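**Q** First, the structure itself, so that you have it in front of you.
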Amino acid sequence: MTIFISYIFLGLSLAAPIGPVNAAQMEKGIKHGFLNAWILGIGSVLADIVYMMTVFLGVGHFIQIPIVKAFLWSFGFFVLIYTGIEGLANAGKIHISQQRESESLWKSFFTGFLMSISNPLTILFWLGIYGSVLAKTATLYTSEDLLIYSSAIILGLVIWDITMALVASSTKKLLSTKTLTLIAVVSSISLIGFGLYFGFEALKILF
């Protein structure tokens, strides 16, 4: 259960940094309400699941090779550290329109999905992060366990999606620059922490 919860937290940390999808969710929540913001996030999560399955099916049987595991841990280290530092540098740099209007839920869904699936860095991001998770868990657990822990990451993404939609649609006071900066800083520091752990695991394999 502790491991499961830790992967939920990993999913939360991966979703929390202020980026294009979170910025779009906040804007949808302010303009169109909870459902549009939530559905946009679900579209983004579906794109993440597509990439996770691609990594799971494509490289899962190769990750037992030590040099491959070292590469995945190292790649995860660099991606997380870079993302965390970038998140700290860009903390609070977001502007949200305060207008309200109606929009189709399908449009919000495809906005979130296309925003994530068309990003060339997304597959590299999940190859590094999810590949690192596979490298660790595949040596200790069965395929069924891998699916369970993968679902924990997805659950973390969904929890953050719901949280963002609720915050964006319920009160504008929570969307102050200070609040967004705090969220960005905390989540970015969490990513850096995970990155340092991944780097430590890579060094253990190499040396």
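Residues in the structure tokens are numbered from 1 in each chain, the chains being A, B, ... in the order shown, and ligands are numbered from 1 in the order shown.
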Excluding same-chain residues fewer than 3 positions from Ser132 in chain A, what lies within 8 Å of it counting only C-alpha atoms, as a list in words?
**A**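 Answer for this query is Lys69, Leu72, Trp73, Phe75, Gly76, Leu127, Gly128, Ile129, Ala135, Lys136 and Phe198 of chain A.
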**Q** Mind checking which residues fall within 12 Å of Phe207 in chain A, counting only C-alpha atoms, ignoring those fewer than 3 positions away in the same chain, and posting them as a list in words?
**A** Pro66, Ile67, Ala70, Phe200, Glu201, Ala202, Leu203 and Lys204 of chain A
**Q** Write the residues of the preceding selection, restricted to all heavy atoms, as a compact mmCIF listing (two decimals), in the first residue's frame.
**A**
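The resulting file, result_27.txt, is reproduced below:
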```
# COMPACT_ATOMS: atom_id res chain seq x y z
N PRO A 66 20.95 -4.51 -17.70
CA PRO A 66 21.49 -3.47 -16.80
C PRO A 66 21.76 -2.13 -17.46
O PRO A 66 21.44 -1.08 -16.91
CB PRO A 66 22.78 -4.12 -16.29
CG PRO A 66 22.49 -5.58 -16.33
CD PRO A 66 21.66 -5.79 -17.57
N ILE A 67 22.38 -2.16 -18.67
CA ILE A 67 22.71 -0.89 -19.31
C ILE A 67 21.46 -0.14 -19.71
O ILE A 67 21.42 1.10 -19.69
CB ILE A 67 23.63 -1.13 -20.55
CG1 ILE A 67 24.17 0.20 -21.07
CG2 ILE A 67 22.85 -1.87 -21.63
CD1 ILE A 67 25.06 0.92 -20.09
N ALA A 70 20.09 1.41 -16.54
CA ALA A 70 20.89 2.57 -16.18
C ALA A 70 20.52 3.78 -17.05
O ALA A 70 20.43 4.91 -16.57
CB ALA A 70 22.38 2.25 -16.33
N PHE A 200 20.42 8.54 -8.29
CA PHE A 200 21.08 7.65 -7.33
C PHE A 200 20.95 6.19 -7.77
O PHE A 200 21.91 5.41 -7.69
CB PHE A 200 20.46 7.84 -5.95
CG PHE A 200 21.01 6.89 -4.90
CD1 PHE A 200 22.29 7.04 -4.42
CD2 PHE A 200 20.22 5.85 -4.41
CE1 PHE A 200 22.79 6.18 -3.45
CE2 PHE A 200 20.72 4.98 -3.46
CZ PHE A 200 22.00 5.13 -2.97
N GLU A 201 19.76 5.81 -8.27
CA GLU A 201 19.56 4.44 -8.74
C GLU A 201 20.44 4.15 -9.96
O GLU A 201 20.98 3.04 -10.09
CB GLU A 201 18.08 4.23 -9.12
CG GLU A 201 17.13 4.21 -7.94
CD GLU A 201 17.35 3.00 -7.03
OE1 GLU A 201 17.73 1.94 -7.57
OE2 GLU A 201 17.15 3.13 -5.82
N ALA A 202 20.61 5.13 -10.84
CA ALA A 202 21.48 4.95 -12.01
C ALA A 202 22.92 4.74 -11.58
O ALA A 202 23.63 3.89 -12.14
CB ALA A 202 21.36 6.16 -12.94
N LEU A 203 23.37 5.52 -10.61
CA LEU A 203 24.75 5.39 -10.13
C LEU A 203 24.98 4.03 -9.48
O LEU A 203 26.07 3.45 -9.63
CB LEU A 203 25.05 6.51 -9.12
CG LEU A 203 25.17 7.92 -9.71
CD1 LEU A 203 25.37 8.94 -8.59
CD2 LEU A 203 26.32 7.98 -10.71
N LYS A 204 23.98 3.50 -8.78
CA LYS A 204 24.11 2.19 -8.15
C LYS A 204 24.33 1.10 -9.21
O LYS A 204 25.10 0.15 -8.98
CB LYS A 204 22.88 1.87 -7.31
CG LYS A 204 22.81 2.62 -6.01
CD LYS A 204 21.93 1.91 -4.99
CE LYS A 204 20.53 1.68 -5.52
NZ LYS A 204 19.64 1.09 -4.47
```
**Q** Please provide the set of residues having any atom within 10 Å of Ser151 in chain A, restricted to only C-alpha atoms, with same-chain residues fewer than 5 positions apart removed, written as number ranges by chain.
**A** A: 4, 7-8, 11, 49, 145-146, 156-157
**Q** Those same residues - N, CA, C and O atoms - I'd like them written as a short mmCIF file (atom, residue, chain, number, x, y, z; two decimals), in the first residue's frame.
**A**
```cif
data_model
loop_
_atom_site.label_atom_id
_atom_site.label_comp_id
_atom_site.auth_asym_id
_atom_site.auth_seq_id
_atom_site.Cartn_x
_atom_site.Cartn_y
_atom_site.Cartn_z
N PHE A 4 2.05 1.83 -3.46
CA PHE A 4 0.94 2.31 -4.28
C PHE A 4 0.72 3.80 -4.06
O PHE A 4 0.57 4.57 -5.01
N TYR A 7 3.33 5.99 -5.67
CA TYR A 7 3.14 6.18 -7.12
C TYR A 7 1.99 7.13 -7.40
O TYR A 7 1.99 7.84 -8.42
N ILE A 8 0.98 7.17 -6.52
CA ILE A 8 -0.06 8.18 -6.65
C ILE A 8 0.56 9.56 -6.50
O ILE A 8 0.26 10.48 -7.26
N GLY A 11 2.34 10.51 -9.59
CA GLY A 11 1.40 11.01 -10.59
C GLY A 11 0.98 12.45 -10.30
O GLY A 11 0.90 13.28 -11.22
N ILE A 49 -1.96 8.21 -21.01
CA ILE A 49 -2.16 6.76 -20.95
C ILE A 49 -1.69 6.11 -22.25
O ILE A 49 -1.07 5.04 -22.24
N ASP A 145 1.47 -6.54 -10.92
CA ASP A 145 1.85 -5.47 -10.01
C ASP A 145 2.22 -4.20 -10.79
O ASP A 145 1.91 -3.08 -10.36
N LEU A 146 2.89 -4.39 -11.93
CA LEU A 146 3.25 -3.25 -12.77
C LEU A 146 2.00 -2.48 -13.20
O LEU A 146 1.98 -1.25 -13.21
N GLY A 156 -3.12 9.36 -9.70
CA GLY A 156 -2.55 10.63 -9.28
C GLY A 156 -2.84 11.73 -10.29
O GLY A 156 -3.18 12.86 -9.93
N LEU A 157 -2.72 11.40 -11.59
CA LEU A 157 -3.02 12.37 -12.65
C LEU A 157 -4.48 12.80 -12.59
O LEU A 157 -4.80 14.00 -12.73
#
```
**Q** Name the closest residue to Ile5 in chain A among the candidates A:Val45, A:Val79, A:Ile117, A:Leu155; distances are taken between atoms, counting only C-alpha atoms.
**A**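 Checking each of A:Val45, A:Val79, A:Ile117, A:Leu155 against Ile5 in chain A, counting only C-alpha atoms, the winner is A:Leu155.
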**Q** Rounded to one decimal place, report the CA of Glu103 in chain A-CA of Leu35 in chain A distance in Å.
**A**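 Separating CA of Glu103 in chain A from CA of Leu35 in chain A is a distance of 10.3 Å.
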